[in-house]
$ cat protein_19.cif   # mmCIF, C-alpha atoms
data_query
#
loop_
_atom_site.label_atom_id
_atom_site.label_comp_id
_atom_site.auth_asym_id
_atom_site.auth_seq_id
_atom_site.Cartn_x
_atom_site.Cartn_y
_atom_site.Cartn_z
CA MET Q 1 140.92 109.65 77.74
CA SER Q 2 137.51 107.93 77.95
CA GLU Q 3 136.99 104.96 75.64
CA LEU Q 4 133.73 106.67 74.72
CA ALA Q 5 135.53 109.81 73.54
CA ALA Q 6 133.30 111.34 70.87
CA ASP Q 7 132.13 114.73 69.68
CA SER Q 8 128.48 113.80 69.21
CA LEU Q 9 125.70 112.05 71.07
CA GLY Q 10 125.17 109.58 68.25
CA GLU Q 11 128.82 108.51 68.18
CA MET Q 12 128.96 108.19 71.96
CA VAL Q 13 125.90 105.93 71.97
CA ARG Q 14 127.30 103.83 69.10
CA ARG Q 15 130.46 103.20 71.11
CA MET Q 16 128.40 102.28 74.17
CA ARG Q 17 126.38 99.85 72.07
CA THR Q 18 129.53 98.22 70.69
CA ARG Q 19 130.95 97.63 74.14
CA LEU Q 20 127.68 96.18 75.40
CA ARG Q 21 127.39 93.87 72.41
CA THR Q 22 130.98 92.73 72.85
CA ALA Q 23 130.10 91.86 76.44
CA GLY Q 24 127.15 89.77 75.25
CA VAL Q 25 124.34 92.06 76.45
CA ASP Q 26 121.23 91.09 74.48
CA THR Q 27 119.61 94.51 74.82
CA ALA Q 28 122.71 96.46 73.84
CA SER Q 29 121.00 98.90 71.47
CA LEU Q 30 118.20 99.84 73.86
CA ASP Q 31 120.48 100.00 76.88
CA ALA Q 32 122.97 102.24 75.10
CA ARG Q 33 120.24 104.61 73.96
CA LEU Q 34 118.67 104.88 77.42
CA LEU Q 35 121.94 105.30 79.27
CA GLY Q 36 123.43 107.65 76.70
CA ALA Q 37 120.36 109.87 76.81
CA ALA Q 38 120.43 109.94 80.61
CA ALA Q 39 124.11 110.89 80.59
CA ALA Q 40 123.37 113.70 78.13
CA ASP Q 41 120.27 114.78 80.09
CA CYS Q 42 117.95 114.39 77.12
CA LEU Q 43 115.13 112.14 76.01
CA PRO Q 44 116.03 108.80 74.37
CA ASP Q 45 114.38 109.94 71.12
CA GLN Q 46 117.02 112.65 70.80
CA VAL Q 47 119.66 109.99 70.16
CA VAL Q 48 117.90 109.32 66.85
CA LEU Q 49 116.48 112.77 66.15
CA ASP Q 50 119.58 114.77 67.03
CA PRO Q 51 122.61 112.45 66.75
CA ASP Q 52 124.96 115.38 66.03
CA ARG Q 53 124.21 116.98 69.39
CA ALA Q 54 127.52 117.91 71.01
CA VAL Q 55 128.68 116.10 74.13
CA ASP Q 56 131.21 117.42 76.61
CA ALA Q 57 133.69 115.76 78.96
CA ALA Q 58 131.21 115.69 81.85
CA THR Q 59 128.65 113.87 79.69
CA LEU Q 60 131.26 111.35 78.58
CA ALA Q 61 132.28 110.74 82.19
CA ARG Q 62 128.67 110.13 83.23
CA ALA Q 63 128.17 107.77 80.30
CA GLU Q 64 131.34 105.85 81.15
CA ALA Q 65 130.25 105.44 84.78
CA MET Q 66 126.79 104.22 83.78
CA LEU Q 67 128.25 101.84 81.20
CA ALA Q 68 130.60 100.34 83.79
CA ARG Q 69 127.65 99.63 86.07
CA ARG Q 70 125.69 98.00 83.25
CA LEU Q 71 128.67 95.86 82.23
CA ALA Q 72 128.87 94.69 85.85
CA GLY Q 73 125.33 93.34 85.56
CA GLU Q 74 123.31 96.15 87.09
CA PRO Q 75 119.95 96.58 85.31
CA VAL Q 76 119.33 99.80 83.40
CA GLY Q 77 116.35 100.63 85.60
CA ARG Q 78 118.51 100.51 88.71
CA ILE Q 79 121.12 102.74 87.09
CA LEU Q 80 118.50 105.28 86.03
CA GLY Q 81 116.53 104.97 89.26
CA ARG Q 82 113.23 104.45 87.44
CA ARG Q 83 111.33 101.91 85.39
CA GLU Q 84 108.28 102.11 83.14
CA PHE Q 85 105.34 99.85 83.95
CA TRP Q 86 101.91 99.98 82.28
CA GLY Q 87 102.96 103.29 80.73
CA LEU Q 88 103.78 104.80 84.13
CA ASP Q 89 107.24 106.13 84.94
CA LEU Q 90 108.00 104.72 88.40
CA GLY Q 91 110.83 105.57 90.73
CA LEU Q 92 112.81 102.67 92.20
CA SER Q 93 114.64 102.29 95.49
CA ALA Q 94 116.90 99.67 97.02
CA ASP Q 95 113.85 98.44 98.98
CA THR Q 96 111.71 97.67 95.94
CA LEU Q 97 111.52 94.98 93.32
CA GLU Q 98 112.03 96.32 89.82
CA PRO Q 99 108.67 95.94 88.01
CA ARG Q 100 108.79 93.67 84.98
CA ALA Q 101 106.63 93.32 81.91
CA ASP Q 102 105.38 89.83 82.86
CA THR Q 103 103.53 91.36 85.80
CA GLU Q 104 101.32 93.29 83.37
CA THR Q 105 99.57 89.92 82.87
CA LEU Q 106 98.36 90.29 86.47
CA VAL Q 107 97.01 93.79 85.77
CA GLU Q 108 95.24 92.55 82.63
CA ALA Q 109 93.59 89.68 84.51
CA VAL Q 110 92.23 92.05 87.15
CA LEU Q 111 90.93 94.56 84.61
CA THR Q 112 89.21 91.84 82.61
CA TRP Q 113 87.44 90.60 85.73
CA CYS Q 114 86.46 94.12 86.79
CA GLY Q 115 85.06 94.75 83.32
CA GLY Q 116 82.68 91.81 83.74
CA HIS Q 117 81.71 92.49 87.35
CA GLY Q 118 80.72 96.11 87.68
CA GLY Q 119 82.87 97.83 85.07
CA ALA Q 120 85.79 100.23 85.14
CA GLN Q 121 83.72 103.05 86.65
CA HIS Q 122 82.72 101.06 89.74
CA ALA Q 123 84.09 102.30 93.08
CA TRP Q 124 86.36 99.32 93.60
CA ARG Q 125 88.13 98.86 96.94
CA PHE Q 126 91.12 96.52 96.74
CA ALA Q 127 94.46 95.76 98.37
CA ASP Q 128 97.84 95.28 96.72
CA LEU Q 129 99.87 93.04 99.03
CA GLY Q 130 103.63 93.60 98.91
CA THR Q 131 103.20 96.73 96.82
CA GLY Q 132 106.90 97.60 96.37
CA THR Q 133 107.00 100.53 93.95
CA GLY Q 134 103.20 100.57 93.88
CA ALA Q 135 103.32 99.39 90.27
CA ILE Q 136 100.32 97.05 90.32
CA ALA Q 137 98.08 99.29 92.41
CA LEU Q 138 98.91 102.39 90.36
CA ALA Q 139 98.42 100.58 87.05
CA LEU Q 140 94.97 99.52 88.22
CA LEU Q 141 94.09 102.96 89.57
CA SER Q 142 95.08 104.46 86.22
CA GLU Q 143 92.40 102.31 84.54
CA LEU Q 144 89.78 102.33 87.34
CA PRO Q 145 89.17 106.04 88.01
CA ASN Q 146 86.86 105.57 91.01
CA ALA Q 147 88.85 102.83 92.71
CA VAL Q 148 90.83 103.09 95.94
CA ALA Q 149 93.87 100.92 96.63
CA VAL Q 150 95.23 99.88 100.00
CA ALA Q 151 98.93 99.33 99.33
CA VAL Q 152 100.60 97.06 101.88
CA ASP Q 153 104.30 96.46 102.38
CA LEU Q 154 106.46 95.39 105.29
CA SER Q 155 109.28 97.71 104.23
CA PRO Q 156 108.99 101.40 105.20
CA GLY Q 157 111.41 102.26 102.41
CA ALA Q 158 109.26 100.53 99.81
CA LEU Q 159 106.15 102.30 101.09
CA GLY Q 160 107.91 105.65 100.83
CA CYS Q 161 108.86 104.90 97.24
CA ALA Q 162 105.31 103.79 96.41
CA ARG Q 163 103.86 106.91 98.05
CA ASP Q 164 106.13 109.11 95.96
CA ASN Q 165 105.10 107.29 92.78
CA ALA Q 166 101.42 107.74 93.62
CA ALA Q 167 101.95 111.47 94.14
CA ARG Q 168 103.93 111.80 90.91
CA HIS Q 169 101.02 110.41 88.93
CA GLY Q 170 98.30 112.31 90.76
CA MET Q 171 96.82 109.30 92.54
CA ALA Q 172 97.82 109.99 96.15
CA ASP Q 173 94.21 110.60 97.20
CA ARG Q 174 93.23 107.07 96.08
CA PHE Q 175 96.37 105.29 97.28
CA VAL Q 176 96.44 104.29 100.96
CA PRO Q 177 99.86 103.00 102.10
CA VAL Q 178 99.83 100.56 105.03
CA GLN Q 179 102.86 98.98 106.67
CA GLY Q 180 102.21 95.34 107.43
CA ASP Q 181 102.84 91.69 106.63
CA PHE Q 182 100.69 90.97 103.58
CA ALA Q 183 97.00 90.97 104.58
CA ALA Q 184 97.38 90.65 108.37
CA ALA Q 185 96.68 94.35 109.05
CA LEU Q 186 93.63 94.64 106.80
CA ALA Q 187 89.93 94.71 107.62
CA PRO Q 188 87.16 92.87 105.73
CA GLY Q 189 85.13 94.51 103.00
CA LEU Q 190 87.51 94.54 100.04
CA ASP Q 191 86.33 93.70 96.53
CA PHE Q 192 89.48 91.78 95.66
CA LEU Q 193 93.11 91.20 96.59
CA VAL Q 194 96.05 91.38 94.20
CA SER Q 195 99.68 90.48 94.84
CA ASN Q 196 103.01 89.75 93.26
CA PRO Q 197 104.51 88.19 96.40
CA PRO Q 198 107.94 86.65 96.82
CA TYR Q 199 107.76 83.14 95.35
CA ILE Q 200 111.29 82.02 94.49
CA ARG Q 201 112.57 78.93 96.29
CA GLU Q 202 115.64 79.67 98.35
CA GLY Q 203 117.46 76.83 96.64
CA ASP Q 204 116.93 78.47 93.24
CA ARG Q 205 118.94 81.56 94.15
CA HIS Q 206 121.88 80.49 92.00
CA THR Q 207 119.68 80.22 88.89
CA LEU Q 208 118.69 83.88 88.92
CA ASP Q 209 120.22 86.47 86.63
CA ILE Q 210 122.78 88.72 88.32
CA GLY Q 211 120.48 91.67 87.67
CA VAL Q 212 117.86 90.03 89.91
CA ARG Q 213 119.85 88.32 92.65
CA GLY Q 214 122.36 91.16 92.89
CA PHE Q 215 119.99 94.14 92.95
CA ASP Q 216 116.42 93.18 93.89
CA PRO Q 217 115.86 92.89 97.67
CA ASP Q 218 115.78 89.34 99.04
CA MET Q 219 112.57 90.16 100.93
CA ALA Q 220 110.77 90.64 97.60
CA LEU Q 221 112.19 87.50 95.99
CA PHE Q 222 112.48 84.51 98.29
CA ALA Q 223 109.69 82.58 100.02
CA GLY Q 224 111.21 79.67 101.89
CA ALA Q 225 112.32 76.26 100.73
CA ASP Q 226 109.23 75.60 98.59
CA GLY Q 227 108.43 79.17 97.49
CA MET Q 228 104.97 78.97 99.08
CA THR Q 229 105.45 80.92 102.33
CA ALA Q 230 103.80 84.13 101.12
CA TYR Q 231 100.93 82.31 99.41
CA ARG Q 232 100.14 80.46 102.65
CA ALA Q 233 100.03 83.73 104.55
CA ILE Q 234 97.77 85.39 101.97
CA PHE Q 235 95.34 82.47 101.71
CA GLY Q 236 95.32 82.21 105.49
CA GLU Q 237 93.76 85.69 105.66
CA SER Q 238 91.59 85.48 102.55
CA SER Q 239 88.47 83.98 104.15
CA ARG Q 240 88.46 86.70 106.81
CA LEU Q 241 88.84 89.52 104.28
CA LEU Q 242 86.87 88.46 101.23
CA ALA Q 243 83.33 87.38 100.51
CA PRO Q 244 83.09 83.93 98.86
CA ALA Q 245 82.66 85.41 95.38
CA ALA Q 246 85.47 87.95 95.74
CA PRO Q 247 88.70 86.94 93.98
CA LEU Q 248 92.40 86.92 94.71
CA PHE Q 249 94.82 87.55 91.85
CA LEU Q 250 98.32 86.22 92.42
CA GLU Q 251 101.44 86.27 90.30
CA ILE Q 252 103.20 82.89 90.34
CA GLY Q 253 106.37 81.24 89.15
CA HIS Q 254 106.13 79.36 85.85
CA ASP Q 255 105.94 75.95 87.58
CA GLN Q 256 103.81 76.85 90.61
CA ALA Q 257 100.22 76.86 89.28
CA ALA Q 258 99.30 73.45 90.69
CA GLU Q 259 100.73 74.17 94.15
CA VAL Q 260 99.09 77.58 94.42
CA ALA Q 261 95.77 76.17 93.18
CA ALA Q 262 95.96 73.47 95.87
CA LEU Q 263 96.48 76.13 98.55
CA ALA Q 264 93.53 78.07 97.15
CA ARG Q 265 91.23 75.05 97.32
CA ALA Q 266 92.37 74.28 100.86
CA ALA Q 267 91.34 77.84 101.76
CA GLY Q 268 87.87 77.30 100.31
CA ARG Q 269 88.48 78.89 96.93
CA ALA Q 270 86.98 76.43 94.50
CA ASP Q 271 86.94 78.48 91.29
CA ILE Q 272 90.52 78.59 89.98
CA ALA Q 273 91.78 80.11 86.72
CA VAL Q 274 95.36 80.26 85.43
CA PHE Q 275 96.58 82.90 82.96
CA GLN Q 276 99.71 82.80 80.81
CA ASP Q 277 102.08 85.65 80.04
CA LEU Q 278 103.15 86.63 76.52
CA GLY Q 279 105.84 83.94 76.59
CA GLY Q 280 103.23 81.25 77.19
CA CYS Q 281 104.27 80.59 80.79
CA ASP Q 282 101.79 80.28 83.66
CA ARG Q 283 101.94 83.66 85.36
CA VAL Q 284 98.72 84.41 87.28
CA VAL Q 285 96.28 82.44 89.40
CA ARG Q 286 92.81 83.84 90.04
CA ALA Q 287 91.05 82.15 92.93
CA ARG Q 288 87.55 82.72 94.23
CA GLY Q 289 84.88 80.76 96.06
CA VAL Q 290 81.49 79.78 94.82
CA ALA Q 291 79.03 82.67 95.11
CA LYS Q 292 76.28 82.02 97.64
#
$ encode --input "protein_19.cif" --output "structure tokens"
Amino acid sequence: MSELAADSLGEMVRRMRTRLRTAGVDTASLDARLLGAAAADCLPDQVVLDPDRAVDAATLARAEAMLARRLAGEPVGRILGRREFWGLDLGLSADTLEPRADTETLVEAVLTWCGGHGGAQHAWRFADLGTGTGAIALALLSELPNAVAVAVDLSPGALGCARDNAARHGMADRFVPVQGDFAAALAPGLDFLVSNPPYIREGDRHTLDIGVRGFDPDMALFAGADGMTAYRAIFGESSRLLAPAAPLFLEIGHDQAAEVAALARAAGRADIAVFQDLGGCDRVVRARGVAK
């Protein structure tokens, strides 16, 4: 008999929560609700609104299988095959990084800049380098209704996932997927570049949570011994692609602001701004040249 054996959805989820808490999972309540609802094929709100909903053996078996994966360190988003970002429900694949809330700082920085340089209604043309699920590009398109995004990724699997996400949210006509290595395949004329590139030092692999190192693709995480490989590639193309006043927006590691700023200045980008995430950590560098 399943250890989750219960007659109701509420009781099943309570037992899932207990096992997660016992295992030391900090998000036990949320995880149990999301996984329990998925196993019962209902919305998470139903766990609270309809706790007496009956569950059958097949539901209990699905819940047990999902719980086992979570207890082994697999993130909930990977188990469900989707993750919310900027209010958008995004499908995941093995080829994509799982979007995280800290990256919304990058979206906010771009939108703030757009608001002061033409406004949300402007027909922006931008590229999202290393698009993965398409999270950043789609979040921006959702707020910039006349914008077009060129979404670049080296992985065909990631591009397929991003294309599906764009179609799901009705943005396929403004979302242009391009297979390539960061900005190398792009032509000049873009208003700005945005990227959450790989930036983790290879030597820091052991410090990562199992949910990251075990399930996110290495290609989306690691950037050489110093974590700067992707930034060098992006800045190396920036002068060719962008006018002096056009900015790049880059997500960074918490201790990388000075190094990334130095690369930006070496590439002729003299106007540097650093933005912090909600935890107070450096998270985004905006780099642009001096307008001529």
$ resolve_selection --input "protein_19.cif" --expression "the PyMOL selection byres ((chain Q and resi 275) around 9)" --output "PyMOL selection string"
chain Q and resi 105-106+109+273-274+276-277+280-286
$ write_last_selection --input "protein_19.cif" --atoms "C-alpha atoms" --output "compact mmCIF listing (two decimals), in the frame of the given file"
# COMPACT_ATOMS: atom_id res chain seq x y z
CA THR Q 105 99.57 89.92 82.87
CA LEU Q 106 98.36 90.29 86.47
CA ALA Q 109 93.59 89.68 84.51
CA ALA Q 273 91.78 80.11 86.72
CA VAL Q 274 95.36 80.26 85.43
CA GLN Q 276 99.71 82.80 80.81
CA ASP Q 277 102.08 85.65 80.04
CA GLY Q 280 103.23 81.25 77.19
CA CYS Q 281 104.27 80.59 80.79
CA ASP Q 282 101.79 80.28 83.66
CA ARG Q 283 101.94 83.66 85.36
CA VAL Q 284 98.72 84.41 87.28
CA VAL Q 285 96.28 82.44 89.40
CA ARG Q 286 92.81 83.84 90.04
$ resolve_selection --input "protein_19.cif" --expression "the PyMOL selection byres ((chain Q and resi 124-140) around 6)" --output "list in words"
Trp86, Thr96, His122, Ala123, Leu141, Ser142, Glu143, Leu144, Ala147, Val148, Ala149, Val150, Ala151, Val152, Asp153, Ala158, Cys161, Ala162, Phe182, Leu190, Asp191, Phe192, Leu193, Val194 and Ser195 of chain Q
$ residues_around --input "protein_19.cif" --residues "Arg33 (chain Q)" --least-positions-apart "2" --cutoff "10 Å" --atoms "all atoms listed in the file" --output "list of chain:residue names"
Q:Leu9, Q:Gly10, Q:Met12, Q:Val13, Q:Arg14, Q:Met16, Q:Arg17, Q:Ala28, Q:Ser29, Q:Leu30, Q:Asp31, Q:Leu35, Q:Gly36, Q:Ala37, Q:Ala38, Q:Ala39, Q:Leu43, Q:Pro44, Q:Asp45, Q:Gln46, Q:Val47, Q:Val48
$ atom_distance --input "protein_19.cif" --atom1 "CA of Leu242 (chain Q)" --atom2 "CA of Ala287 (chain Q)"
11.2 Å
$ closest_residue --input "protein_19.cif" --among "Q:Leu88, Q:Asp216, Q:Leu4, Q:Val76" --to "Met171 (chain Q)" --atoms "all atoms listed in the file"
Q:Leu88
$ closest_residue --input "protein_19.cif" --among "Q:Gly116, Q:Arg201, Q:Ala233, Q:Glu11" --to "Asp50 (chain Q)" --atoms "all atoms listed in the file"
Q:Glu11
$ resolve_selection --input "protein_19.cif" --expression "the PyMOL selection byres ((chain Q and resi 23) around 12)" --output "ChimeraX atom specification"
/Q:16-22,24-28,67-68,70-73
$ closest_residue --input "protein_19.cif" --among "Q:Ala220, Q:Ala101, Q:Val260, Q:Val176" --to "Ser155 (chain Q)" --atoms "all atoms listed in the file"
Q:Ala220
$ atom_distance --input "protein_19.cif" --atom1 "CA of Gly268 (chain Q)" --atom2 "CA of Phe249 (chain Q)"
15.0 Å
$ build_atoms --input "protein_19.cif" --residues "region 190-218 of chain Q" --atoms "N, CA and C atoms" --output "PDB file, in the frame of the given file"
ATOM      1  N   LEU Q 190      86.851  94.245 101.312  1.00  0.00           N
ATOM      2  CA  LEU Q 190      87.510  94.540 100.040  1.00  0.00           C
ATOM      3  C   LEU Q 190      86.846  93.772  98.907  1.00  0.00           C
ATOM      4  N   ASP Q 191      86.904  94.352  97.706  1.00  0.00           N
ATOM      5  CA  ASP Q 191      86.330  93.700  96.530  1.00  0.00           C
ATOM      6  C   ASP Q 191      87.236  92.618  95.965  1.00  0.00           C
ATOM      7  N   PHE Q 192      88.533  92.798  96.100  1.00  0.00           N
ATOM      8  CA  PHE Q 192      89.480  91.780  95.660  1.00  0.00           C
ATOM      9  C   PHE Q 192      90.856  92.071  96.231  1.00  0.00           C
ATOM     10  N   LEU Q 193      91.711  91.064  96.202  1.00  0.00           N
ATOM     11  CA  LEU Q 193      93.110  91.200  96.590  1.00  0.00           C
ATOM     12  C   LEU Q 193      93.980  90.920  95.375  1.00  0.00           C
ATOM     13  N   VAL Q 194      95.104  91.607  95.280  1.00  0.00           N
ATOM     14  CA  VAL Q 194      96.050  91.380  94.200  1.00  0.00           C
ATOM     15  C   VAL Q 194      97.454  91.384  94.806  1.00  0.00           C
ATOM     16  N   SER Q 195      98.325  90.533  94.282  1.00  0.00           N
ATOM     17  CA  SER Q 195      99.680  90.480  94.840  1.00  0.00           C
ATOM     18  C   SER Q 195     100.662  89.844  93.872  1.00  0.00           C
ATOM     19  N   ASN Q 196     101.849  90.403  93.840  1.00  0.00           N
ATOM     20  CA  ASN Q 196     103.010  89.750  93.260  1.00  0.00           C
ATOM     21  C   ASN Q 196     103.960  89.494  94.434  1.00  0.00           C
ATOM     22  N   PRO Q 197     103.725  88.416  95.182  1.00  0.00           N
ATOM     23  CA  PRO Q 197     104.510  88.190  96.400  1.00  0.00           C
ATOM     24  C   PRO Q 197     105.844  87.534  96.073  1.00  0.00           C
ATOM     25  N   PRO Q 198     106.734  87.455  97.044  1.00  0.00           N
ATOM     26  CA  PRO Q 198     107.940  86.650  96.820  1.00  0.00           C
ATOM     27  C   PRO Q 198     107.544  85.193  96.615  1.00  0.00           C
ATOM     28  N   TYR Q 199     108.134  84.541  95.602  1.00  0.00           N
ATOM     29  CA  TYR Q 199     107.760  83.140  95.350  1.00  0.00           C
ATOM     30  C   TYR Q 199     108.927  82.287  94.890  1.00  0.00           C
ATOM     31  N   ILE Q 200     110.133  82.802  94.935  1.00  0.00           N
ATOM     32  CA  ILE Q 200     111.290  82.020  94.490  1.00  0.00           C
ATOM     33  C   ILE Q 200     111.770  81.118  95.624  1.00  0.00           C
ATOM     34  N   ARG Q 201     112.036  79.869  95.293  1.00  0.00           N
ATOM     35  CA  ARG Q 201     112.570  78.930  96.290  1.00  0.00           C
ATOM     36  C   ARG Q 201     113.991  79.341  96.646  1.00  0.00           C
ATOM     37  N   GLU Q 202     114.303  79.267  97.904  1.00  0.00           N
ATOM     38  CA  GLU Q 202     115.640  79.670  98.350  1.00  0.00           C
ATOM     39  C   GLU Q 202     116.726  78.892  97.628  1.00  0.00           C
ATOM     40  N   GLY Q 203     116.473  77.643  97.323  1.00  0.00           N
ATOM     41  CA  GLY Q 203     117.460  76.830  96.640  1.00  0.00           C
ATOM     42  C   GLY Q 203     117.682  77.199  95.186  1.00  0.00           C
ATOM     43  N   ASP Q 204     116.799  78.051  94.637  1.00  0.00           N
ATOM     44  CA  ASP Q 204     116.930  78.470  93.240  1.00  0.00           C
ATOM     45  C   ASP Q 204     117.690  79.791  93.097  1.00  0.00           C
ATOM     46  N   ARG Q 205     118.239  80.274  94.181  1.00  0.00           N
ATOM     47  CA  ARG Q 205     118.940  81.560  94.150  1.00  0.00           C
ATOM     48  C   ARG Q 205     120.013  81.593  93.067  1.00  0.00           C
ATOM     49  N   HIS Q 206     120.752  80.521  92.939  1.00  0.00           N
ATOM     50  CA  HIS Q 206     121.880  80.490  92.000  1.00  0.00           C
ATOM     51  C   HIS Q 206     121.435  80.529  90.543  1.00  0.00           C
ATOM     52  N   THR Q 207     120.165  80.235  90.278  1.00  0.00           N
ATOM     53  CA  THR Q 207     119.680  80.220  88.890  1.00  0.00           C
ATOM     54  C   THR Q 207     119.265  81.606  88.396  1.00  0.00           C
ATOM     55  N   LEU Q 208     119.184  82.562  89.290  1.00  0.00           N
ATOM     56  CA  LEU Q 208     118.690  83.880  88.920  1.00  0.00           C
ATOM     57  C   LEU Q 208     119.763  84.693  88.207  1.00  0.00           C
ATOM     58  N   ASP Q 209     119.324  85.539  87.305  1.00  0.00           N
ATOM     59  CA  ASP Q 209     120.220  86.470  86.630  1.00  0.00           C
ATOM     60  C   ASP Q 209     120.853  87.407  87.660  1.00  0.00           C
ATOM     61  N   ILE Q 210     122.082  87.828  87.406  1.00  0.00           N
ATOM     62  CA  ILE Q 210     122.780  88.720  88.320  1.00  0.00           C
ATOM     63  C   ILE Q 210     121.990  90.007  88.545  1.00  0.00           C
ATOM     64  N   GLY Q 211     121.261  90.453  87.534  1.00  0.00           N
ATOM     65  CA  GLY Q 211     120.480  91.670  87.670  1.00  0.00           C
ATOM     66  C   GLY Q 211     119.350  91.541  88.669  1.00  0.00           C
ATOM     67  N   VAL Q 212     118.908  90.287  88.913  1.00  0.00           N
ATOM     68  CA  VAL Q 212     117.860  90.030  89.910  1.00  0.00           C
ATOM     69  C   VAL Q 212     118.484  89.753  91.268  1.00  0.00           C
ATOM     70  N   ARG Q 213     119.321  88.727  91.350  1.00  0.00           N
ATOM     71  CA  ARG Q 213     119.850  88.320  92.650  1.00  0.00           C
ATOM     72  C   ARG Q 213     120.794  89.359  93.253  1.00  0.00           C
ATOM     73  N   GLY Q 214     121.400  90.183  92.389  1.00  0.00           N
ATOM     74  CA  GLY Q 214     122.360  91.160  92.890  1.00  0.00           C
ATOM     75  C   GLY Q 214     121.753  92.502  93.253  1.00  0.00           C
ATOM     76  N   PHE Q 215     120.514  92.789  92.791  1.00  0.00           N
ATOM     77  CA  PHE Q 215     119.990  94.140  92.950  1.00  0.00           C
ATOM     78  C   PHE Q 215     118.561  94.226  93.463  1.00  0.00           C
ATOM     79  N   ASP Q 216     117.750  93.190  93.280  1.00  0.00           N
ATOM     80  CA  ASP Q 216     116.420  93.180  93.890  1.00  0.00           C
ATOM     81  C   ASP Q 216     116.549  92.725  95.337  1.00  0.00           C
ATOM     82  N   PRO Q 217     115.740  93.269  96.252  1.00  0.00           N
ATOM     83  CA  PRO Q 217     115.860  92.890  97.670  1.00  0.00           C
ATOM     84  C   PRO Q 217     115.400  91.447  97.907  1.00  0.00           C
ATOM     85  N   ASP Q 218     116.136  90.729  98.730  1.00  0.00           N
ATOM     86  CA  ASP Q 218     115.780  89.340  99.040  1.00  0.00           C
ATOM     87  C   ASP Q 218     114.350  89.229  99.546  1.00  0.00           C
TER      88      ASP Q 218
END
